[in-house]
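Q: Please find upload.cif (mmCIF, C-alpha atoms and all ligand atoms) on the next line:
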```
data_protein
loop_
_atom_site.label_atom_id
_atom_site.label_comp_id
_atom_site.auth_asym_id
_atom_site.auth_seq_id
_atom_site.Cartn_x
_atom_site.Cartn_y
_atom_site.Cartn_z
CA PRO B 6 0.00 0.00 0.00
CA ALA B 7 2.79 2.47 0.83
CA GLU B 8 4.48 1.53 -2.43
CA ARG B 9 1.24 2.05 -4.34
CA GLU B 10 0.90 5.51 -2.82
CA THR B 11 4.46 6.37 -3.91
CA THR B 12 3.60 5.22 -7.43
CA ARG B 13 0.41 7.26 -7.42
CA GLU B 14 2.26 10.33 -6.20
CA ARG B 15 4.90 9.98 -8.90
CA ILE B 16 2.17 9.60 -11.56
CA ARG B 17 0.39 12.75 -10.33
CA GLN B 18 3.66 14.69 -10.57
CA LEU B 19 4.58 13.42 -14.01
CA LEU B 20 1.10 13.99 -15.47
CA ALA B 21 1.50 17.66 -14.59
CA GLU B 22 5.15 17.92 -15.70
CA ARG B 23 4.60 16.17 -19.03
CA ASP B 24 1.33 17.93 -19.94
CA ALA B 25 -0.41 14.55 -19.96
CA VAL B 26 -3.93 13.46 -19.07
CA LEU B 27 -5.14 10.03 -17.93
CA ILE B 28 -8.24 8.61 -19.64
CA ALA B 29 -9.58 5.39 -18.13
CA HIS B 30 -12.32 2.92 -19.02
CA TYR B 31 -14.86 1.79 -16.39
CA TYR B 32 -13.47 -1.76 -16.59
CA VAL B 33 -9.88 -1.01 -15.51
CA ASP B 34 -8.39 -1.20 -12.02
CA GLY B 35 -10.19 1.09 -9.53
CA ASP B 36 -6.92 2.77 -8.52
CA ILE B 37 -6.37 3.93 -12.08
CA GLN B 38 -9.97 5.16 -12.35
CA ASP B 39 -9.60 7.15 -9.13
CA LEU B 40 -6.31 8.66 -10.23
CA ALA B 41 -7.79 9.67 -13.59
CA LEU B 42 -10.66 11.52 -11.91
CA GLU B 43 -8.49 13.09 -9.26
CA THR B 44 -6.03 14.50 -11.81
CA GLY B 45 -8.57 16.02 -14.18
CA GLY B 46 -8.79 13.10 -16.58
CA CYS B 47 -11.86 10.99 -17.14
CA VAL B 48 -13.43 7.61 -16.44
CA SER B 49 -16.01 6.61 -18.99
CA ASP B 50 -17.11 4.41 -21.87
CA SER B 51 -15.38 4.26 -25.23
CA LEU B 52 -17.55 7.02 -26.77
CA GLU B 53 -16.80 9.50 -24.01
CA MET B 54 -13.10 8.49 -23.88
CA ALA B 55 -12.78 9.34 -27.57
CA ARG B 56 -14.48 12.72 -27.20
CA PHE B 57 -12.59 13.62 -24.05
CA GLY B 58 -9.21 12.88 -25.64
CA ARG B 59 -10.04 14.84 -28.77
CA ASP B 60 -11.23 17.91 -26.85
CA HIS B 61 -8.55 18.00 -24.15
CA THR B 62 -5.63 20.39 -24.57
CA ALA B 63 -2.94 18.06 -23.14
CA ARG B 64 -0.12 17.09 -25.50
CA THR B 65 -0.08 13.49 -24.30
CA LEU B 66 -3.03 11.17 -23.72
CA ILE B 67 -2.51 8.11 -21.51
CA VAL B 68 -5.31 5.72 -22.42
CA ALA B 69 -5.99 2.97 -19.85
CA GLY B 70 -8.22 0.51 -21.64
CA VAL B 71 -7.73 -1.78 -24.63
CA ARG B 72 -5.94 -1.19 -27.89
CA PHE B 73 -8.84 -0.01 -30.04
CA MET B 74 -9.45 2.80 -27.52
CA GLY B 75 -5.87 4.03 -27.91
CA GLU B 76 -6.14 3.78 -31.69
CA THR B 77 -9.38 5.77 -31.74
CA ALA B 78 -7.74 8.45 -29.60
CA LYS B 79 -4.78 8.64 -32.00
CA ILE B 80 -7.04 8.74 -35.08
CA LEU B 81 -8.89 11.72 -33.61
CA SER B 82 -5.77 13.44 -32.28
CA PRO B 83 -2.88 12.70 -34.65
CA ASP B 84 -0.79 15.55 -33.24
CA LYS B 85 -0.99 14.28 -29.66
CA THR B 86 1.17 11.50 -28.29
CA VAL B 87 -1.04 8.56 -27.27
CA LEU B 88 0.43 6.08 -24.79
CA MET B 89 -1.03 2.90 -23.31
CA PRO B 90 0.04 1.02 -20.15
CA ASP B 91 0.16 -2.31 -22.04
CA LEU B 92 0.11 -2.58 -25.82
CA ASP B 93 -0.87 -6.25 -25.60
CA ALA B 94 -4.26 -5.34 -24.13
CA THR B 95 -6.63 -6.22 -26.94
CA CYS B 96 -10.22 -7.44 -27.29
CA SER B 97 -11.78 -10.68 -28.54
CA LEU B 98 -14.04 -8.68 -30.87
CA ASP B 99 -11.05 -6.97 -32.49
CA LEU B 100 -9.13 -10.29 -32.69
CA GLY B 101 -12.16 -12.03 -34.20
CA CYS B 102 -12.48 -9.56 -37.06
CA PRO B 103 -9.27 -9.62 -39.15
CA PRO B 104 -9.18 -6.73 -41.66
CA ASP B 105 -8.62 -8.91 -44.77
CA GLU B 106 -11.51 -11.26 -44.06
CA PHE B 107 -13.69 -8.33 -43.14
CA ALA B 108 -12.88 -6.49 -46.39
CA ALA B 109 -13.80 -9.62 -48.37
CA PHE B 110 -17.13 -9.82 -46.51
CA CYS B 111 -17.84 -6.16 -47.35
CA ASP B 112 -16.84 -6.68 -50.99
CA ALA B 113 -19.32 -9.54 -51.22
CA HIS B 114 -22.17 -7.25 -50.07
CA PRO B 115 -21.68 -3.90 -51.79
CA ASP B 116 -25.37 -3.00 -51.41
CA ARG B 117 -25.07 -2.66 -47.61
CA LYS B 118 -23.95 0.23 -45.38
CA VAL B 119 -21.03 -1.01 -43.32
CA VAL B 120 -21.53 -0.32 -39.60
CA VAL B 121 -18.84 -1.41 -37.15
CA TYR B 122 -18.68 -1.42 -33.39
CA ALA B 123 -15.97 0.68 -31.75
CA ASN B 124 -14.27 -2.55 -30.64
CA THR B 125 -12.41 -3.06 -33.93
CA SER B 126 -8.97 -2.25 -35.36
CA ALA B 127 -8.24 0.96 -37.24
CA ALA B 128 -7.97 -1.09 -40.44
CA VAL B 129 -11.51 -2.42 -40.01
CA LYS B 130 -12.83 1.08 -39.29
CA ALA B 131 -11.07 2.27 -42.45
CA ARG B 132 -13.37 -0.03 -44.44
CA ALA B 133 -16.57 1.09 -42.64
CA ASP B 134 -19.16 3.76 -43.38
CA TRP B 135 -20.15 4.22 -39.74
CA MET B 136 -18.64 3.43 -36.35
CA VAL B 137 -21.00 3.09 -33.38
CA THR B 138 -20.62 2.41 -29.67
CA SER B 139 -23.26 0.70 -27.57
CA SER B 140 -24.40 4.16 -26.36
CA CYS B 141 -25.53 5.28 -29.81
CA ALA B 142 -25.86 2.10 -31.90
CA LEU B 143 -29.67 1.92 -31.76
CA ALA B 144 -30.17 5.57 -32.78
CA ILE B 145 -27.73 5.32 -35.69
CA VAL B 146 -29.16 2.06 -37.04
CA ARG B 147 -32.70 3.51 -36.78
CA HIS B 148 -31.51 6.54 -38.73
CA LEU B 149 -29.98 4.33 -41.46
CA LYS B 150 -33.10 2.19 -41.65
CA GLU B 151 -35.26 5.31 -42.08
CA GLN B 152 -33.06 6.28 -44.99
CA GLY B 153 -33.79 2.90 -46.58
CA HIS B 154 -30.37 1.32 -46.04
CA LYS B 155 -29.57 -2.34 -45.51
CA ILE B 156 -26.74 -2.92 -43.05
CA LEU B 157 -23.66 -5.07 -42.75
CA TRP B 158 -22.79 -5.26 -39.04
CA ALA B 159 -19.57 -6.33 -37.31
CA PRO B 160 -18.26 -7.80 -35.14
CA ASP B 161 -20.46 -8.58 -32.06
CA ARG B 162 -23.25 -10.99 -32.97
CA HIS B 163 -25.20 -10.52 -29.72
CA LEU B 164 -25.21 -6.74 -29.97
CA GLY B 165 -26.04 -7.00 -33.69
CA ARG B 166 -28.98 -9.33 -33.05
CA TYR B 167 -30.25 -7.09 -30.24
CA ILE B 168 -30.13 -3.99 -32.49
CA GLN B 169 -31.77 -5.92 -35.32
CA GLU B 170 -34.66 -6.97 -33.08
CA GLU B 171 -35.12 -3.51 -31.58
CA THR B 172 -35.02 -1.61 -34.86
CA GLY B 173 -36.31 -4.14 -37.39
CA ALA B 174 -33.44 -3.13 -39.70
CA ASP B 175 -32.16 -5.54 -42.35
CA MET B 176 -28.80 -6.53 -40.84
CA LEU B 177 -26.24 -9.07 -41.97
CA LEU B 178 -24.13 -10.04 -38.93
CA TRP B 179 -20.46 -10.92 -38.50
CA ASN B 180 -20.00 -13.77 -36.03
CA GLY B 181 -17.94 -12.23 -33.21
CA ALA B 182 -18.37 -12.17 -29.43
CA CYS B 183 -16.92 -10.64 -26.29
CA ILE B 184 -15.41 -13.42 -24.18
CA VAL B 185 -16.57 -11.67 -21.00
CA HIS B 186 -20.22 -10.93 -21.79
CA ASP B 187 -20.67 -14.19 -23.72
CA GLU B 188 -20.18 -16.06 -20.41
CA PHE B 189 -23.27 -14.69 -18.68
CA LYS B 190 -25.82 -17.46 -18.23
CA GLY B 191 -29.60 -17.16 -18.60
CA VAL B 192 -30.65 -20.16 -16.51
CA GLU B 193 -28.42 -19.19 -13.57
CA LEU B 194 -29.70 -15.62 -13.84
CA GLU B 195 -33.30 -16.85 -13.50
CA LEU B 196 -32.34 -18.66 -10.30
CA LEU B 197 -30.56 -15.60 -8.93
CA ARG B 198 -33.57 -13.42 -9.71
CA LYS B 199 -35.75 -15.77 -7.65
CA GLU B 200 -33.45 -15.18 -4.68
CA HIS B 201 -33.62 -11.40 -5.24
CA PRO B 202 -37.15 -10.69 -6.48
CA ASN B 203 -36.82 -6.92 -5.93
CA ALA B 204 -33.56 -6.53 -7.81
CA GLN B 205 -33.40 -4.64 -11.09
CA VAL B 206 -31.50 -6.55 -13.78
CA LEU B 207 -29.02 -4.45 -15.79
CA VAL B 208 -27.53 -6.01 -18.91
CA HIS B 209 -24.97 -4.93 -21.48
CA PRO B 210 -26.16 -5.99 -24.96
CA GLU B 211 -22.93 -7.87 -25.72
CA SER B 212 -24.53 -10.59 -23.56
CA PRO B 213 -26.45 -13.58 -25.00
CA ARG B 214 -30.15 -13.24 -25.79
CA SER B 215 -31.19 -15.48 -22.85
CA VAL B 216 -29.67 -12.86 -20.52
CA VAL B 217 -30.80 -9.73 -22.41
CA GLU B 218 -34.39 -11.07 -22.35
CA GLN B 219 -34.44 -10.89 -18.55
CA ALA B 220 -33.19 -7.31 -18.33
CA ASP B 221 -35.03 -4.37 -16.82
CA VAL B 222 -32.46 -2.12 -18.47
CA VAL B 223 -30.34 -2.99 -21.52
CA GLY B 224 -27.62 -0.44 -22.17
CA SER B 225 -24.04 0.68 -22.55
CA THR B 226 -21.81 0.91 -19.49
CA SER B 227 -22.66 4.59 -18.98
CA GLN B 228 -26.38 3.84 -19.34
CA LEU B 229 -26.17 1.00 -16.78
CA LEU B 230 -24.30 3.27 -14.38
CA LYS B 231 -27.02 5.90 -14.74
CA ALA B 232 -29.68 3.23 -14.12
CA VAL B 233 -28.09 2.39 -10.76
CA VAL B 234 -27.63 6.02 -9.73
CA GLU B 235 -31.16 7.08 -10.68
CA GLY B 236 -32.97 3.79 -9.95
CA LYS B 237 -35.46 3.43 -7.10
CA ALA B 238 -34.67 -0.23 -6.36
CA PRO B 239 -32.36 -1.13 -3.45
CA GLU B 240 -30.69 -4.02 -5.34
CA TYR B 241 -29.20 -4.44 -8.83
CA ILE B 242 -27.98 -7.52 -10.67
CA VAL B 243 -25.29 -6.36 -13.07
CA ALA B 244 -24.44 -8.27 -16.25
CA THR B 245 -21.33 -6.54 -17.52
CA ASP B 246 -17.62 -6.50 -16.62
CA ASN B 247 -17.37 -6.27 -12.84
CA GLY B 248 -14.77 -3.50 -13.16
CA ILE B 249 -17.73 -1.12 -13.37
CA LEU B 250 -18.85 -1.97 -9.83
CA HIS B 251 -16.10 0.32 -8.51
CA ARG B 252 -17.71 3.42 -10.05
CA MET B 253 -21.24 2.20 -9.30
CA ARG B 254 -20.37 1.86 -5.60
CA GLN B 255 -18.89 5.34 -5.56
CA LEU B 256 -21.87 6.97 -7.21
CA ALA B 257 -24.60 4.90 -5.52
CA PRO B 258 -23.14 4.01 -2.11
CA GLY B 259 -26.39 2.88 -0.49
CA LYS B 260 -27.34 0.31 -3.10
CA THR B 261 -26.62 -3.41 -3.22
CA LEU B 262 -24.85 -4.60 -6.36
CA ILE B 263 -24.81 -8.26 -7.31
CA GLU B 264 -22.74 -9.72 -10.13
CA ALA B 265 -24.75 -11.65 -12.72
CA PRO B 266 -23.80 -15.34 -12.86
CA THR B 267 -21.23 -16.62 -15.35
CA ALA B 268 -20.34 -20.29 -15.76
CA GLY B 269 -21.42 -21.08 -12.21
CA SER B 270 -18.78 -21.73 -9.58
CA GLY B 271 -16.57 -23.77 -11.93
CA ALA B 272 -12.92 -22.96 -12.41
CA THR B 273 -13.34 -23.39 -16.17
CA CYS B 274 -14.47 -19.84 -16.85
CA LYS B 275 -11.37 -18.01 -18.08
CA SER B 276 -12.82 -14.54 -18.07
CA CYS B 277 -15.51 -14.64 -15.40
CA ALA B 278 -17.04 -11.18 -15.57
CA HIS B 279 -13.69 -9.47 -15.89
CA CYS B 280 -11.84 -8.77 -19.09
CA PRO B 281 -8.30 -10.21 -18.99
CA TRP B 282 -7.11 -7.45 -21.33
CA MET B 283 -8.61 -4.63 -19.30
CA ALA B 284 -6.90 -6.26 -16.30
CA MET B 285 -3.48 -5.78 -17.92
CA ASN B 286 -3.70 -2.06 -17.13
CA ALA B 287 -1.67 -1.46 -13.99
CA LEU B 288 -0.36 1.60 -12.15
CA GLN B 289 3.20 0.48 -13.03
CA GLY B 290 2.27 0.58 -16.70
CA VAL B 291 0.87 4.09 -16.38
CA LEU B 292 4.11 5.12 -14.66
CA ALA B 293 6.20 3.52 -17.42
CA CYS B 294 4.30 5.56 -20.04
CA LEU B 295 5.12 8.76 -18.18
CA GLU B 296 8.73 7.93 -17.29
CA GLY B 297 9.83 6.26 -20.50
CA GLY B 298 7.28 7.21 -23.12
CA THR B 299 6.52 3.51 -23.56
CA GLY B 300 3.41 2.04 -25.14
CA GLU B 301 3.07 4.54 -27.96
CA ILE B 302 0.17 4.05 -30.35
CA THR B 303 0.68 4.85 -34.01
CA VAL B 304 -1.88 4.58 -36.81
CA PRO B 305 -0.22 4.92 -40.23
CA GLU B 306 -1.74 6.79 -43.17
CA PRO B 307 -3.88 6.25 -45.18
CA VAL B 308 -5.60 4.00 -42.62
CA ARG B 309 -5.88 6.87 -40.15
CA SER B 310 -7.66 9.26 -42.50
CA GLN B 311 -9.90 6.50 -43.81
CA ALA B 312 -10.88 5.40 -40.29
CA LEU B 313 -11.48 8.99 -39.23
CA GLY B 314 -14.43 9.24 -41.61
CA CYS B 315 -16.62 6.67 -39.86
CA ILE B 316 -15.71 7.94 -36.37
CA ASP B 317 -16.46 11.58 -37.25
CA ARG B 318 -19.78 10.56 -38.78
CA MET B 319 -20.77 9.07 -35.41
CA LEU B 320 -19.46 12.03 -33.40
CA ASP B 321 -21.38 14.47 -35.62
CA PHE B 322 -24.52 12.34 -35.23
CA VAL B 323 -24.37 12.33 -31.41
CA ALA B 324 -23.25 15.96 -31.09
O1 LIG S 1 -17.15 -4.12 -23.50
C1 LIG S 1 -16.57 -3.10 -23.83
O2 LIG S 1 -15.40 -3.14 -24.18
C2 LIG S 1 -17.28 -1.83 -23.77
C3 LIG S 1 -18.56 -1.81 -23.11
C4 LIG S 1 -16.75 -0.74 -24.31
C5 LIG S 1 -17.39 0.58 -24.27
O3 LIG S 1 -17.11 1.35 -23.37
O4 LIG S 1 -18.24 0.89 -25.12
FE1 LIG S 2 -13.42 -6.68 -25.64
FE2 LIG S 2 -15.14 -7.81 -24.04
FE3 LIG S 2 -12.81 -7.03 -23.09
FE4 LIG S 2 -14.66 -5.21 -23.80
S1 LIG S 2 -14.81 -6.67 -22.14
S2 LIG S 2 -12.45 -5.18 -24.28
S3 LIG S 2 -15.61 -6.23 -25.53
S4 LIG S 2 -13.13 -8.65 -24.62
#
```
Before anything else, please render the file you have as structure tokens.
A:
Amino acid sequence: PAERETTRERIRQLLAERDAVLIAHYYVDGDIQDLALETGGCVSDSLEMARFGRDHTARTLIVAGVRFMGETAKILSPDKTVLMPDLDATCSLDLGCPPDEFAAFCDAHPDRKVVVYANTSAAVKARADWMVTSSCALAIVRHLKEQGHKILWAPDRHLGRYIQEETGADMLLWNGACIVHDEFKGVELELLRKEHPNAQVLVHPESPRSVVEQADVVGSTSQLLKAVVEGKAPEYIVATDNGILHRMRQLAPGKTLIEAPTAGSGATCKSCAHCPWMAMNALQGVLACLEGGTGEITVPEPVRSQALGCIDRMLDFVA
């Protein structure tokens, strides 16, 4: 603990000296989230992280999250230095959507608008018409449907199916999944709900249909956080990465938060409600960025400019 405080103190100092700001996702270590808030950075979802980084005046952005978040920051702010605590922190959705295969899929369906989730590489975004996050996906797909467009969606199949059912849009889905949300179990959730009949069930739409169907609120991380803060219920069952419980507890201290069940009590679940890549973000990594300039994100041209188009389209839409 004393050592952690020394590390924190050194990070505070260096952030100020190096004109750097710390931008953290809700799923990373609580210490990093706290430090980001305390030093004038932000803790948020991928949409807000992107906007915050773009609008901030700091010369260096330290992005504590997974790789696509750092890439999006760099695409929006090419003149800033973007550093990440661990460059190996990736995402199963990004890994499951290789740019070459994705381009071939798009080429085979030229009549469709290409809409990709934020959780993709810069090269995949470069091939897309629109990027969306789970905060704005429904509104953007509704908008495209109203304009008469058919959609090619990638990579998360659960989120894609959820949006398809909610909007009635014609959507062709890539077959990707988040290894964390994919583990939530519908049958076990039913049992848990019986034990907590007054609990509100909050579900991120990267979860399977059997789980989404039982939700009182389906939404992005920021929407689920808001549901806890503003909700009237005393108890909440939360089906998303348990990293978010840190911020939920801070903002809604009186409420009881229960993690939604994953593969039961078995030791076979490799990513039980916590993303192994988000977990790679450590205070030591943040310090290394500041001391040594390690973990720099680069996005070469023309990929950067091409990817910028679909991100800007989303940011203009939500503005
Ligand atoms: O699961 C993720 O990686 C999420 C929810 C990202 C984000 O903030 O949109
Ligand atoms: Fe990707 Fe899932 Fe981890 Fe988010 S929680 S970074 S979607 S693997």
Q: Considering only C-alpha atoms, return as an mmCIF file with C-alpha atoms, keeping the file's coordinate frame whatever protein or nucleic-acid residues lie within 9 Å of Ala142 in chain B, sequence-local ones (same chain, fewer than 6 positions apart) excluded.
A:
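Contents of out.cif, as written:
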```
data_model
loop_
_atom_site.group_PDB
_atom_site.id
_atom_site.type_symbol
_atom_site.label_atom_id
_atom_site.label_comp_id
_atom_site.auth_asym_id
_atom_site.auth_seq_id
_atom_site.Cartn_x
_atom_site.Cartn_y
_atom_site.Cartn_z
ATOM 1 C CA TYR B 122 -18.680 -1.420 -33.390
ATOM 2 C CA MET B 136 -18.640 3.430 -36.350
ATOM 3 C CA ILE B 168 -30.130 -3.990 -32.490
#
```
Q: Which is closer to ligand LIG 2 (chain S) than all the others in B:Pro6, B:Gly314, B:Gly181, B:Pro281, using only C-alpha atoms and all ligand atoms?
A: B:Pro281
Q: Would you mind reading off the distance between CA of Lys85 in chain B and CA of Asp34 in chain B, one decimal, in Å?
A: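 Separating CA of Lys85 in chain B from CA of Asp34 in chain B is a distance of 24.6 Å.
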Q: Go through the chains and note each residue within 7 Å of ligand LIG 2 (chain S), using all atoms listed in the file, then give the set as a list in words.
A: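 Those within range of ligand LIG 2 (chain S) are Val71, Thr95, Cys96, Ser97, Leu98, Asn124, Cys183, Ile184, Val185, His186, Asp246, His279, Cys280, Pro281, Trp282 and Met283 of chain B.
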Q: Please check which protein, DNA or RNA residues sit within 6 Å of ligand LIG 1 (chain S), counting all atoms listed in the file, and write them as a count of residues only.
A: 5
